[in-house]
Amino acid sequence: MDRATADNFQNMQARLGVGTGNMSDSNTYALSNLLTRQPRTLEAMYRGSWVVGAVVDAVAEDMTREGVDFGSTIKPDAIELMRAAEDDLQIWQSLQETIQWGRLYGGAIGVIAIDGQDMATPLRVETIDRDQFLGVVPLGRWELLPIITDVVSTDGKIVGRPELYKVGPQASAFSMQDIHHSRVIRIEGVKLPYFQRLAESGWGMSVVERMYDRLVAYDSASQGSAQLIYKAYLRTLKIKGLRSILAAGGAAQTAVEKHVEAIRKFQSSEGLTLLDADDDFETHTYSFAGLNDLLLGFGQQLSGATQIPLVRLFGQSPAGLNSTGESDLRNYYDAIKAKQQKDLREPVNKLSTILYRSAVGGNPPEGFRAEFNPLWQMSDTEKGALAKTIVEAVGTASELGLISAPSAMRELKQSAEQTGVFSNIIDEEIKEAELAPPRPTELDPDLQPNAGDGPGSGVAPTGPDDEGGAAVREPAA
């Protein structure tokens, strides 16, 4: 007989599998707890739950704490000016706050404040002069209203996003102003599909909403465990005829109460418990075995729901022999780097150009680009040992004539990302080394080039060495 079957495991007789009439058939997922639309609840959770605070803050802190490297396309004194402007304007602190509110509320913007410019007009970076950049101002989702009836239709990267943002009357800055999309750094918590995004006025979803059920389970287990402390050591006193004594009341009840109070007063580790011959005193202790494993299991579920490892979220290393959590942190840092490239790459490049024009003046040199510094940092000892190894290897190759002086400088400059030294070697110095005359080489002491690695060629010495000492070496014409 023909029958329809599903493409998953089913056993109709044993009622195994989905669709076989068992209790699993009643399971479903519903849009019933839309926390993203409850800003006051989210704020209460952020203030009252350290777990929510850590989930919101940890990623924002890690995405911004190491800053960027401006590379060697600009001179060291210009980098110093930009670093000073970064600190004065608190650029990275403002970006961190923008990411925090974007994760908590599901959306936030960082407004690029330029002195003397109309916020409702498109931002033209080439018009920014010295000291015009005033910093980045974070605004949460509920402080502004995206005008979703007028969306970007030409820029493929942000097509469909609002053209303008109207700031509300109770906002912390730019009250009742229109802000053009080119002047904002937009951050969303969890990106949503199109129709759900429309339901959220174009924003994403709070990261707290997705972890809510796991958070409730963890907090319930933690509070339940804490409540057990009060019942960890119970004492019972059996008194013959107690029910009759309490029913009669009066002097008999008062005597029982005085007896119990005396026991509480004088009983200690060395005290005695005075009882009537017919009374019975017992103690009961509660075993906490297994509670730690239970809490760890709920914590691991929270870690999985938030994509933050235990060592970062709870500050604890994983259990097990020689487990340090280093591999978990490295994987987490790789995920943070991916978030930086996806959410901050274009905004940070724009901010770096604006910062250069405001702090240094003029256009940045060609090829100028900011690169995120790695989160995994070696110790100073490890950096020093690595730098020494690289210098020795590059120096040996250069002395043997295997690489030229400009190539050696490039190798040292490239290693600066790992060692932190030789970062001030600029392109102009490398070009000067390329134009310098060739240097002496140990490969052929009788045919010594000029003095460097340039295009010049040596001239064979004339005259025997025994008549004039060392052979006379002259540069090529």
# chains A, B, ... in the order shown; residues from 1 in each chain; ligands from 1
>>> residues_around(residues="Phe422 in chain A", least_positions_apart="3", cutoff="8 Å", atoms="only C-alpha atoms", output="ChimeraX atom specification")
/A:412-413,415-416,425
>>> write_last_selection(atoms="all heavy atoms", output="PDB file, in the first residue's frame")
ATOM      1  N   LEU A 412      62.142  43.831   7.884  1.00  0.00           N
ATOM      2  CA  LEU A 412      62.077  44.323   9.258  1.00  0.00           C
ATOM      3  C   LEU A 412      60.795  45.123   9.487  1.00  0.00           C
ATOM      4  O   LEU A 412      60.159  45.010  10.546  1.00  0.00           O
ATOM      5  CB  LEU A 412      63.304  45.180   9.573  1.00  0.00           C
ATOM      6  CG  LEU A 412      64.645  44.450   9.579  1.00  0.00           C
ATOM      7  CD1 LEU A 412      65.781  45.419   9.846  1.00  0.00           C
ATOM      8  CD2 LEU A 412      64.649  43.326  10.617  1.00  0.00           C
ATOM      9  N   LYS A 413      60.437  45.933   8.503  1.00  0.00           N
ATOM     10  CA  LYS A 413      59.202  46.720   8.623  1.00  0.00           C
ATOM     11  C   LYS A 413      57.983  45.802   8.696  1.00  0.00           C
ATOM     12  O   LYS A 413      57.068  46.038   9.491  1.00  0.00           O
ATOM     13  CB  LYS A 413      59.092  47.658   7.418  1.00  0.00           C
ATOM     14  CG  LYS A 413      57.765  48.394   7.323  1.00  0.00           C
ATOM     15  CD  LYS A 413      57.689  49.188   6.034  1.00  0.00           C
ATOM     16  CE  LYS A 413      56.303  49.731   5.794  1.00  0.00           C
ATOM     17  NZ  LYS A 413      56.185  50.443   4.515  1.00  0.00           N
ATOM     18  N   SER A 415      57.874  42.815   9.883  1.00  0.00           N
ATOM     19  CA  SER A 415      57.854  42.099  11.155  1.00  0.00           C
ATOM     20  C   SER A 415      57.377  42.959  12.312  1.00  0.00           C
ATOM     21  O   SER A 415      57.148  42.451  13.411  1.00  0.00           O
ATOM     22  CB  SER A 415      59.258  41.570  11.477  1.00  0.00           C
ATOM     23  OG  SER A 415      60.145  42.642  11.778  1.00  0.00           O
ATOM     24  N   ALA A 416      57.215  44.272  12.082  1.00  0.00           N
ATOM     25  CA  ALA A 416      56.799  45.164  13.160  1.00  0.00           C
ATOM     26  C   ALA A 416      55.422  44.817  13.696  1.00  0.00           C
ATOM     27  O   ALA A 416      55.110  45.085  14.860  1.00  0.00           O
ATOM     28  CB  ALA A 416      56.819  46.618  12.671  1.00  0.00           C
ATOM     29  N   ILE A 425      60.198  52.562  10.139  1.00  0.00           N
ATOM     30  CA  ILE A 425      60.863  52.561   8.829  1.00  0.00           C
ATOM     31  C   ILE A 425      59.831  52.989   7.787  1.00  0.00           C
ATOM     32  O   ILE A 425      58.821  52.315   7.587  1.00  0.00           O
ATOM     33  CB  ILE A 425      61.419  51.161   8.487  1.00  0.00           C
ATOM     34  CG1 ILE A 425      62.466  50.739   9.509  1.00  0.00           C
ATOM     35  CG2 ILE A 425      62.009  51.165   7.089  1.00  0.00           C
ATOM     36  CD1 ILE A 425      63.023  49.333   9.269  1.00  0.00           C
TER      37      ILE A 425
END
>>> residues_around(residues="Asp380 in chain A", least_positions_apart="3", cutoff="12 Å", atoms="only C-alpha atoms", output="list in words")
Gln377, Lys383, Gly384, Ala385, Leu386, Ala387, Gln418, Thr419, Gly420 and Val421 of chain A
>>> write_last_selection(atoms="all heavy atoms", output="PDB file, in the first residue's frame")
ATOM      1  N   GLN A 377      48.233  39.030  22.189  1.00  0.00           N
ATOM      2  CA  GLN A 377      49.477  39.755  22.352  1.00  0.00           C
ATOM      3  C   GLN A 377      50.535  38.869  22.990  1.00  0.00           C
ATOM      4  O   GLN A 377      50.274  38.180  23.978  1.00  0.00           O
ATOM      5  CB  GLN A 377      49.259  41.000  23.232  1.00  0.00           C
ATOM      6  CG  GLN A 377      48.268  41.997  22.653  1.00  0.00           C
ATOM      7  CD  GLN A 377      48.801  42.677  21.398  1.00  0.00           C
ATOM      8  OE1 GLN A 377      50.020  42.844  21.260  1.00  0.00           O
ATOM      9  NE2 GLN A 377      47.916  43.064  20.520  1.00  0.00           N
ATOM     10  N   LYS A 383      58.266  38.978  22.451  1.00  0.00           N
ATOM     11  CA  LYS A 383      58.492  39.915  21.354  1.00  0.00           C
ATOM     12  C   LYS A 383      59.981  40.189  21.153  1.00  0.00           C
ATOM     13  O   LYS A 383      60.472  40.253  20.019  1.00  0.00           O
ATOM     14  CB  LYS A 383      57.759  41.227  21.628  1.00  0.00           C
ATOM     15  CG  LYS A 383      56.244  41.148  21.500  1.00  0.00           C
ATOM     16  CD  LYS A 383      55.623  42.506  21.748  1.00  0.00           C
ATOM     17  CE  LYS A 383      54.107  42.436  21.592  1.00  0.00           C
ATOM     18  NZ  LYS A 383      53.473  43.768  21.837  1.00  0.00           N
ATOM     19  N   GLY A 384      60.702  40.372  22.271  1.00  0.00           N
ATOM     20  CA  GLY A 384      62.139  40.630  22.168  1.00  0.00           C
ATOM     21  C   GLY A 384      62.891  39.469  21.545  1.00  0.00           C
ATOM     22  O   GLY A 384      63.770  39.658  20.690  1.00  0.00           O
ATOM     23  N   ALA A 385      62.543  38.250  21.954  1.00  0.00           N
ATOM     24  CA  ALA A 385      63.205  37.073  21.391  1.00  0.00           C
ATOM     25  C   ALA A 385      62.892  36.922  19.900  1.00  0.00           C
ATOM     26  O   ALA A 385      63.776  36.595  19.093  1.00  0.00           O
ATOM     27  CB  ALA A 385      62.763  35.823  22.159  1.00  0.00           C
ATOM     28  N   LEU A 386      61.639  37.172  19.531  1.00  0.00           N
ATOM     29  CA  LEU A 386      61.267  37.069  18.116  1.00  0.00           C
ATOM     30  C   LEU A 386      61.963  38.144  17.291  1.00  0.00           C
ATOM     31  O   LEU A 386      62.455  37.873  16.183  1.00  0.00           O
ATOM     32  CB  LEU A 386      59.748  37.205  17.970  1.00  0.00           C
ATOM     33  CG  LEU A 386      59.189  37.143  16.543  1.00  0.00           C
ATOM     34  CD1 LEU A 386      59.537  35.803  15.899  1.00  0.00           C
ATOM     35  CD2 LEU A 386      57.680  37.359  16.550  1.00  0.00           C
ATOM     36  N   ALA A 387      62.023  39.381  17.809  1.00  0.00           N
ATOM     37  CA  ALA A 387      62.708  40.464  17.090  1.00  0.00           C
ATOM     38  C   ALA A 387      64.190  40.142  16.886  1.00  0.00           C
ATOM     39  O   ALA A 387      64.751  40.368  15.803  1.00  0.00           O
ATOM     40  CB  ALA A 387      62.541  41.783  17.841  1.00  0.00           C
ATOM     41  N   GLN A 418      54.363  41.987  14.453  1.00  0.00           N
ATOM     42  CA  GLN A 418      54.501  40.955  15.473  1.00  0.00           C
ATOM     43  C   GLN A 418      55.403  41.389  16.614  1.00  0.00           C
ATOM     44  O   GLN A 418      55.122  41.094  17.775  1.00  0.00           O
ATOM     45  CB  GLN A 418      55.066  39.673  14.841  1.00  0.00           C
ATOM     46  CG  GLN A 418      54.171  39.062  13.777  1.00  0.00           C
ATOM     47  CD  GLN A 418      54.848  37.894  13.089  1.00  0.00           C
ATOM     48  OE1 GLN A 418      55.878  38.035  12.434  1.00  0.00           O
ATOM     49  NE2 GLN A 418      54.268  36.712  13.255  1.00  0.00           N
ATOM     50  N   THR A 419      56.504  42.105  16.294  1.00  0.00           N
ATOM     51  CA  THR A 419      57.495  42.420  17.316  1.00  0.00           C
ATOM     52  C   THR A 419      57.298  43.782  17.961  1.00  0.00           C
ATOM     53  O   THR A 419      57.740  44.005  19.081  1.00  0.00           O
ATOM     54  CB  THR A 419      58.899  42.367  16.706  1.00  0.00           C
ATOM     55  OG1 THR A 419      59.014  43.384  15.683  1.00  0.00           O
ATOM     56  CG2 THR A 419      59.155  41.002  16.068  1.00  0.00           C
ATOM     57  N   GLY A 420      56.651  44.697  17.255  1.00  0.00           N
ATOM     58  CA  GLY A 420      56.471  46.036  17.783  1.00  0.00           C
ATOM     59  C   GLY A 420      57.656  46.953  17.553  1.00  0.00           C
ATOM     60  O   GLY A 420      57.623  48.115  17.957  1.00  0.00           O
ATOM     61  N   VAL A 421      58.724  46.481  16.918  1.00  0.00           N
ATOM     62  CA  VAL A 421      59.890  47.320  16.604  1.00  0.00           C
ATOM     63  C   VAL A 421      60.031  47.430  15.090  1.00  0.00           C
ATOM     64  O   VAL A 421      59.468  46.637  14.338  1.00  0.00           O
ATOM     65  CB  VAL A 421      61.182  46.732  17.219  1.00  0.00           C
ATOM     66  CG1 VAL A 421      61.108  46.771  18.734  1.00  0.00           C
ATOM     67  CG2 VAL A 421      61.398  45.306  16.750  1.00  0.00           C
TER      68      VAL A 421
END
>>> residues_around(residues="Asn349 in chain A", least_positions_apart="3", cutoff="8 Å", atoms="only C-alpha atoms", output="PyMOL selection string")
chain A and resi 345-346+352-353+369-370
>>> select_by_dssp(residues="range 23-208 of chain A", states="helix (DSSP H, G or I)", output="number ranges by chain")
A: 23-26, 35-37, 39-48, 50-64, 76-89, 91-105, 125-127, 141-143, 181-183, 194-199, 207-208
>>> residues_around(residues="Val216 in chain A", least_positions_apart="3", cutoff="12 Å", atoms="only C-alpha atoms", output="list in words")
Met45, Ser49, Val51, Val52, Val208, Glu209, Arg210, Met211, Tyr212, Asp213, Asp219, Ser220, Ala221, Ser222, Gln223, Gly224, Phe298, Gly299, Gln301 and Leu302 of chain A
>>> write_last_selection(atoms="C-alpha atoms", output="short mmCIF file (atom, residue, chain, number, x, y, z; two decimals), in the first residue's frame")
data_model
loop_
_atom_site.label_atom_id
_atom_site.label_comp_id
_atom_site.auth_asym_id
_atom_site.auth_seq_id
_atom_site.Cartn_x
_atom_site.Cartn_y
_atom_site.Cartn_z
CA MET A 45 18.66 43.29 32.74
CA SER A 49 22.49 40.91 35.65
CA VAL A 51 25.92 38.00 32.82
CA VAL A 52 23.98 40.35 30.52
CA VAL A 208 19.99 39.42 24.88
CA GLU A 209 16.82 38.17 23.20
CA ARG A 210 18.46 35.08 21.71
CA MET A 211 20.10 34.05 25.00
CA TYR A 212 17.10 34.82 27.23
CA ASP A 213 15.92 31.25 27.88
CA ASP A 219 19.95 32.38 37.02
CA SER A 220 17.32 29.95 38.33
CA ALA A 221 19.95 27.30 38.99
CA SER A 222 22.24 29.83 40.67
CA GLN A 223 19.51 31.24 42.91
CA GLY A 224 18.24 27.76 43.74
CA PHE A 298 24.16 25.93 32.21
CA GLY A 299 27.19 28.22 31.89
CA GLN A 301 24.99 26.70 27.26
CA LEU A 302 25.22 30.46 27.84
#
>>> closest_residue(among="A:Arg183, A:Glu282, A:Phe288, A:Glu200", to="Leu228 in chain A", atoms="only C-alpha atoms")
A:Phe288
>>> atom_distance(atom1="CA of Thr273 in chain A", atom2="CA of Leu237 in chain A")
10.6 Å
>>> atom_distance(atom1="CA of Thr36 in chain A", atom2="CA of Ser206 in chain A")
5.3 Å
>>> closest_atom_pairs(of="range 354-447 of chain A", to="range 58-76 of chain A", cutoff="7 Å", atoms="only C-alpha atoms", output="tab-separated table")
residue	atom	partner	partner_atom	distance
A:Pro365	CA	A:Thr73	CA	6.6
A:Gly367	CA	A:Thr73	CA	6.9
A:Phe368	CA	A:Thr73	CA	5.9
A:Arg369	CA	A:Phe70	CA	6.4
A:Ala370	CA	A:Phe70	CA	4.6
A:Glu371	CA	A:Asp69	CA	5.2
A:Phe372	CA	A:Val68	CA	4.3
A:Asn373	CA	A:Val68	CA	5.1
A:Leu375	CA	A:Glu66	CA	6.5
A:Ser423	CA	A:Ser72	CA	6.7
A:Asn424	CA	A:Pro76	CA	6.1
A:Ile425	CA	A:Ser72	CA	6.6
A:Ile426	CA	A:Ser72	CA	5.1
A:Asp427	CA	A:Thr73	CA	6.4
>>> write_last_selection(atoms="all heavy atoms", output="short mmCIF file (atom, residue, chain, number, x, y, z; two decimals), in the first residue's frame")
data_model
loop_
_atom_site.label_atom_id
_atom_site.label_comp_id
_atom_site.auth_asym_id
_atom_site.auth_seq_id
_atom_site.Cartn_x
_atom_site.Cartn_y
_atom_site.Cartn_z
N PRO A 365 48.74 60.24 2.56
CA PRO A 365 49.49 59.75 1.39
C PRO A 365 48.78 58.58 0.72
O PRO A 365 47.92 57.92 1.32
CB PRO A 365 50.83 59.33 1.99
CG PRO A 365 50.55 59.09 3.43
CD PRO A 365 49.48 60.05 3.81
N GLY A 367 47.86 55.05 -0.53
CA GLY A 367 48.04 53.75 0.12
C GLY A 367 47.80 53.76 1.61
O GLY A 367 47.96 52.72 2.27
N PHE A 368 47.40 54.91 2.14
CA PHE A 368 47.14 55.00 3.59
C PHE A 368 45.94 54.14 3.96
O PHE A 368 44.89 54.23 3.34
CB PHE A 368 46.88 56.46 3.97
CG PHE A 368 46.41 56.63 5.39
CD1 PHE A 368 47.27 56.42 6.45
CD2 PHE A 368 45.10 57.01 5.65
CE1 PHE A 368 46.83 56.59 7.75
CE2 PHE A 368 44.67 57.18 6.95
CZ PHE A 368 45.53 56.96 8.00
N ARG A 369 46.14 53.30 4.97
CA ARG A 369 45.08 52.37 5.39
C ARG A 369 45.36 51.92 6.82
O ARG A 369 46.50 51.61 7.16
CB ARG A 369 45.03 51.17 4.45
CG ARG A 369 43.93 50.15 4.76
CD ARG A 369 44.01 49.00 3.77
NE ARG A 369 43.07 47.93 4.05
CZ ARG A 369 41.83 47.87 3.61
NH1 ARG A 369 41.38 48.85 2.83
NH2 ARG A 369 41.02 46.87 3.90
N ALA A 370 44.33 51.91 7.64
CA ALA A 370 44.48 51.48 9.02
C ALA A 370 44.21 49.98 9.11
O ALA A 370 43.29 49.46 8.49
CB ALA A 370 43.50 52.23 9.93
N GLU A 371 45.03 49.29 9.89
CA GLU A 371 44.87 47.85 10.09
C GLU A 371 44.65 47.58 11.58
O GLU A 371 45.32 48.15 12.43
CB GLU A 371 46.12 47.10 9.62
CG GLU A 371 46.36 47.17 8.12
CD GLU A 371 45.29 46.43 7.32
OE1 GLU A 371 44.59 45.59 7.91
OE2 GLU A 371 45.17 46.71 6.11
N PHE A 372 43.68 46.70 11.88
CA PHE A 372 43.39 46.38 13.26
C PHE A 372 44.57 45.64 13.89
O PHE A 372 45.11 44.70 13.31
CB PHE A 372 42.13 45.51 13.35
CG PHE A 372 40.87 46.24 12.98
CD1 PHE A 372 40.29 46.04 11.74
CD2 PHE A 372 40.29 47.13 13.86
CE1 PHE A 372 39.13 46.71 11.39
CE2 PHE A 372 39.13 47.80 13.51
CZ PHE A 372 38.55 47.60 12.28
N ASN A 373 44.94 46.08 15.08
CA ASN A 373 45.99 45.38 15.81
C ASN A 373 45.46 44.04 16.33
O ASN A 373 44.29 43.94 16.71
CB ASN A 373 46.47 46.23 16.99
CG ASN A 373 47.25 47.45 16.54
OD1 ASN A 373 48.03 47.38 15.61
ND2 ASN A 373 47.02 48.58 17.19
N LEU A 375 44.49 40.93 18.66
CA LEU A 375 44.08 40.86 20.06
C LEU A 375 45.00 39.96 20.87
O LEU A 375 45.22 40.19 22.06
CB LEU A 375 42.64 40.33 20.16
CG LEU A 375 41.55 41.27 19.64
CD1 LEU A 375 40.19 40.58 19.73
CD2 LEU A 375 41.52 42.55 20.45
N SER A 423 58.77 49.68 13.28
CA SER A 423 57.55 50.19 12.65
C SER A 423 57.74 51.59 12.08
O SER A 423 56.93 52.05 11.29
CB SER A 423 56.39 50.21 13.66
OG SER A 423 56.71 51.05 14.77
N ASN A 424 58.82 52.27 12.47
CA ASN A 424 59.05 53.64 12.00
C ASN A 424 59.89 53.70 10.73
O ASN A 424 60.30 54.78 10.30
CB ASN A 424 59.73 54.47 13.10
CG ASN A 424 58.79 54.76 14.25
OD1 ASN A 424 57.58 54.90 14.05
ND2 ASN A 424 59.31 54.86 15.45
N ILE A 425 60.20 52.56 10.14
CA ILE A 425 60.86 52.56 8.83
C ILE A 425 59.83 52.99 7.79
O ILE A 425 58.82 52.31 7.59
CB ILE A 425 61.42 51.16 8.49
CG1 ILE A 425 62.47 50.74 9.51
CG2 ILE A 425 62.01 51.16 7.09
CD1 ILE A 425 63.02 49.33 9.27
N ILE A 426 60.05 54.12 7.15
CA ILE A 426 59.07 54.65 6.21
C ILE A 426 59.50 54.36 4.77
O ILE A 426 60.66 54.00 4.50
CB ILE A 426 58.88 56.17 6.41
CG1 ILE A 426 60.20 56.92 6.19
CG2 ILE A 426 58.33 56.46 7.79
CD1 ILE A 426 60.07 58.43 6.30
N ASP A 427 58.56 54.51 3.86
CA ASP A 427 58.82 54.17 2.45
C ASP A 427 59.91 55.05 1.86
O ASP A 427 60.66 54.61 0.98
CB ASP A 427 57.53 54.30 1.64
CG ASP A 427 56.50 53.26 2.05
OD1 ASP A 427 56.91 52.24 2.63
OD2 ASP A 427 55.30 53.48 1.79
#
>>> residues_around(residues="Ala85 in chain A", least_positions_apart="4", cutoff="7 Å", atoms="only C-alpha atoms", output="list in words")
Leu81, Leu89 and Ala359 of chain A
